[in-house]
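See structure below.
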Amino acid sequence: MEKRTAVYPGTFDPITLGHIDIIERSCRVFDNVIVTLAINPKKTLLFSPGERKEMVEKAVEHIPNASVVVFDGLIVDLAKERGASAIIRGLRAISDFEFEFQMALMNRNLAEGIDTVFFMPDEKYTYLSSSIIKNVASFEGDINKFVPDFVARKLIQKFKKEI
Ligand code: COA
């Protein structure tokens, strides 16, 4: 049977337990999930692509069918190149819907046959975002419940250096 491959794009600045929850769920449904550090030119980022990739790789080490790439281009082009039939996105709240709906339809318009599949993270992660975690970390708040310990250490180092 043909392998079902999906791409999971995001900025991952940095990866959180919510993202990992989505990756684990999608890896139970798809044969291969390519976690893709994509470029969103609207965002000012804290971590370099290399740092983000290293953190994502470490975070998915325990999932044999997840891989990680950095990609600067249209996500549908990567999906076509890798034979993926789906783009994974996480839906945390109604507020995500409008943007996700617009992206999903644009991507389908760009590449008919590649559909967006949404997963809902565990309720305990529905209020998380990378920005809110960075905000808490910048004031030395406790972020250990929201990110893997190696990400928490990186955030602490980053904000120490920036002061
Ligand atoms: N747990 C925790 N946080 C989550 C989450 C989850 N399960 N799911 C989403 N988020 C958060 C992210 O941390 C991020 O927070 P932030 O804004 O504070 O950084 C936010 O939700 C959304 O980020 P993300 O999922 O990384 O998407 P994005 O909006 O940064 O990136 C791309 C969108 C990169 C996927 C999109 O721009 C893209 O595909 N780019 C490639 C170019 C392309 O194809 N463009 C055409 C698209 S139609």
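Labels used: A, B, ... for chains in the order of the structure tokens, numbers from 1 for residues in each chain, and numbers from 1 for ligands as shown.
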
Near Ala84 (chain A), within 9 Å and counting only C-alpha atoms, which residues show up once chain neighbours fewer than 6 positions away are dropped, as a PDB file with C-alpha atoms, in the first residue's frame?
ATOM      1  CA  ARG A   4       0.646   8.337   3.407  1.00  0.00           C
ATOM      2  CA  THR A   5       2.939  11.312   3.885  1.00  0.00           C
ATOM      3  CA  ALA A   6       2.038  14.701   5.392  1.00  0.00           C
ATOM      4  CA  VAL A   7       3.914  17.934   5.992  1.00  0.00           C
ATOM      5  CA  ASN A  32       5.448   9.814   7.572  1.00  0.00           C
ATOM      6  CA  VAL A  33       5.188  13.341   8.911  1.00  0.00           C
ATOM      7  CA  ILE A  34       7.703  15.930   7.714  1.00  0.00           C
ATOM      8  CA  VAL A  76       2.599  22.992  -1.376  1.00  0.00           C
ATOM      9  CA  LEU A  78       7.530  20.879  -0.647  1.00  0.00           C
ATOM     10  CA  ILE A 114      -3.255  18.301  -1.274  1.00  0.00           C
TER      11      ILE A 114
END

Practice task
Produce as a ChimeraX atom specification the set of residues near ligand 1, where near means within 8 Å with only C-alpha atoms and all ligand atoms considered.
Solution key: /A:8-22,37-41,43,71-77,89-92,96,102-107,120-121,125-133

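You will find CA of Phe146 (chain A) at 14.4 Å from CA of Val56 (chain A).
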
Practice task
Find the residues near Lys160 (chain A): any atom within 12 Å, counting only C-alpha atoms, skip ones fewer than 3 places away on the same chain, and give them as an MDAnalysis selection string.
Solution key: chainID A and resid 137:140 153:157 163

Handout entry: Expected answer as a ChimeraX atom specification: alpha helix (DSSP H) residues in region 6-101 of chain A
Key = /A:17-29,49-59,75-81,94-101

Next, write the just-selected residues to a file, as a tab-separated table (two decimals), in the first residue's frame, keeping N, CA and C atoms as the atom set.
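This is the output file part_34.tsv:
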chain	number	residue	atom	x	y	z
A	17	LEU	N	5.12	22.08	23.85
A	17	LEU	CA	4.48	20.77	24.07
A	17	LEU	C	3.21	20.64	23.24
A	18	GLY	N	2.57	21.77	22.93
A	18	GLY	CA	1.37	21.74	22.08
A	18	GLY	C	1.70	21.27	20.67
A	19	HIS	N	2.80	21.79	20.11
A	19	HIS	CA	3.22	21.32	18.77
A	19	HIS	C	3.55	19.83	18.81
A	20	ILE	N	4.25	19.41	19.86
A	20	ILE	CA	4.67	18.00	19.96
A	20	ILE	C	3.43	17.10	20.04
A	21	ASP	N	2.42	17.56	20.75
A	21	ASP	CA	1.16	16.83	20.86
A	21	ASP	C	0.53	16.63	19.46
A	22	ILE	N	0.56	17.69	18.65
A	22	ILE	CA	0.02	17.60	17.27
A	22	ILE	C	0.86	16.63	16.43
A	23	ILE	N	2.17	16.70	16.59
A	23	ILE	CA	3.05	15.81	15.81
A	23	ILE	C	2.78	14.35	16.19
A	24	GLU	N	2.64	14.08	17.49
A	24	GLU	CA	2.38	12.69	17.92
A	24	GLU	C	1.03	12.20	17.37
A	25	ARG	N	0.01	13.07	17.44
A	25	ARG	CA	-1.30	12.66	16.92
A	25	ARG	C	-1.23	12.38	15.42
A	26	SER	N	-0.57	13.29	14.67
A	26	SER	CA	-0.55	13.10	13.21
A	26	SER	C	0.30	11.90	12.82
A	27	CYS	N	1.32	11.60	13.62
A	27	CYS	CA	2.16	10.43	13.31
A	27	CYS	C	1.42	9.12	13.56
A	28	ARG	N	0.32	9.16	14.30
A	28	ARG	CA	-0.48	7.94	14.47
A	28	ARG	C	-1.42	7.72	13.27
A	29	VAL	N	-1.66	8.79	12.51
A	29	VAL	CA	-2.59	8.71	11.38
A	29	VAL	C	-1.85	8.56	10.05
A	49	PRO	N	17.19	29.70	12.24
A	49	PRO	CA	16.68	28.44	11.69
A	49	PRO	C	17.43	27.23	12.25
A	50	GLY	N	18.77	27.38	12.39
A	50	GLY	CA	19.58	26.27	12.92
A	50	GLY	C	19.17	25.90	14.34
A	51	GLU	N	18.97	26.91	15.17
A	51	GLU	CA	18.58	26.65	16.57
A	51	GLU	C	17.19	26.01	16.63
A	52	ARG	N	16.28	26.52	15.80
A	52	ARG	CA	14.91	25.97	15.81
A	52	ARG	C	14.92	24.53	15.32
A	53	LYS	N	15.72	24.27	14.28
A	53	LYS	CA	15.77	22.90	13.74
A	53	LYS	C	16.32	21.94	14.80
A	54	GLU	N	17.38	22.36	15.47
A	54	GLU	CA	17.99	21.50	16.49
A	54	GLU	C	16.96	21.17	17.59
A	55	MET	N	16.19	22.17	18.01
A	55	MET	CA	15.19	21.93	19.07
A	55	MET	C	14.07	21.01	18.58
A	56	VAL	N	13.63	21.23	17.33
A	56	VAL	CA	12.55	20.39	16.80
A	56	VAL	C	13.04	18.95	16.65
A	57	GLU	N	14.27	18.79	16.16
A	57	GLU	CA	14.82	17.44	15.98
A	57	GLU	C	14.88	16.68	17.31
A	58	LYS	N	15.32	17.38	18.32
A	58	LYS	CA	15.43	16.75	19.64
A	58	LYS	C	14.02	16.41	20.17
A	59	ALA	N	13.06	17.29	19.89
A	59	ALA	CA	11.70	17.10	20.41
A	59	ALA	C	10.99	15.91	19.76
A	75	ILE	N	4.69	25.92	0.78
A	75	ILE	CA	4.58	24.62	1.45
A	75	ILE	C	4.00	23.55	0.50
A	76	VAL	N	3.14	23.98	-0.42
A	76	VAL	CA	2.60	22.99	-1.38
A	76	VAL	C	3.68	22.45	-2.31
A	77	ASP	N	4.72	23.27	-2.57
A	77	ASP	CA	5.81	22.79	-3.44
A	77	ASP	C	6.61	21.70	-2.73
A	78	LEU	N	6.83	21.92	-1.41
A	78	LEU	CA	7.53	20.88	-0.65
A	78	LEU	C	6.67	19.61	-0.61
A	79	ALA	N	5.37	19.82	-0.39
A	79	ALA	CA	4.47	18.66	-0.31
A	79	ALA	C	4.53	17.85	-1.61
A	80	LYS	N	4.49	18.54	-2.74
A	80	LYS	CA	4.54	17.84	-4.05
A	80	LYS	C	5.87	17.12	-4.20
A	81	GLU	N	6.95	17.84	-3.88
A	81	GLU	CA	8.30	17.27	-4.02
A	81	GLU	C	8.45	15.99	-3.19
A	94	ILE	N	-11.39	28.79	18.33
A	94	ILE	CA	-12.12	29.39	17.20
A	94	ILE	C	-11.28	30.49	16.55
A	95	SER	N	-10.51	31.19	17.37
A	95	SER	CA	-9.72	32.31	16.85
A	95	SER	C	-8.70	31.86	15.80
A	96	ASP	N	-8.30	30.60	15.82
A	96	ASP	CA	-7.38	30.09	14.79
A	96	ASP	C	-8.09	29.91	13.45
A	97	PHE	N	-9.41	29.78	13.51
A	97	PHE	CA	-10.14	29.26	12.36
A	97	PHE	C	-10.01	30.12	11.09
A	98	GLU	N	-10.19	31.42	11.24
A	98	GLU	CA	-10.27	32.26	10.05
A	98	GLU	C	-8.96	32.21	9.23
A	99	PHE	N	-7.86	32.35	9.93
A	99	PHE	CA	-6.55	32.32	9.26
A	99	PHE	C	-6.30	30.93	8.66
A	100	GLU	N	-6.64	29.90	9.42
A	100	GLU	CA	-6.40	28.52	8.95
A	100	GLU	C	-7.26	28.21	7.73
A	101	PHE	N	-8.50	28.68	7.76
A	101	PHE	CA	-9.45	28.47	6.66
A	101	PHE	C	-8.89	29.12	5.38

Exercise for the section: Looking only at strand (DSSP E) from DSSP on the backbone, list the matching residues of region 62-121 of chain A as a ChimeraX atom specification. Expected result: /A:66-71,86-90,115-119

Exercise for the section: Point out the residue among A:Val69, A:Ala93, A:Ile88, A:Val136 with the least atom-to-atom distance to Thr116 (chain A), counting only C-alpha atoms. Expected result: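 Between A:Val69, A:Ala93, A:Ile88, A:Val136, the residue approaching Thr116 (chain A) most closely is A:Ile88.
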
Exercise for the section: Record the distance separating CA of Phe150 (chain A) and CA of Phe119 (chain A), expressed in Å with one decimal. Expected result: 25.1 Å

Handout entry: Point-to-point distance in Å for CA of Ser85 (chain A) and CA of Ala111 (chain A)
Key =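 Result for CA of Ala111 (chain A) versus CA of Ser85 (chain A): 9.9 Å, one decimal.
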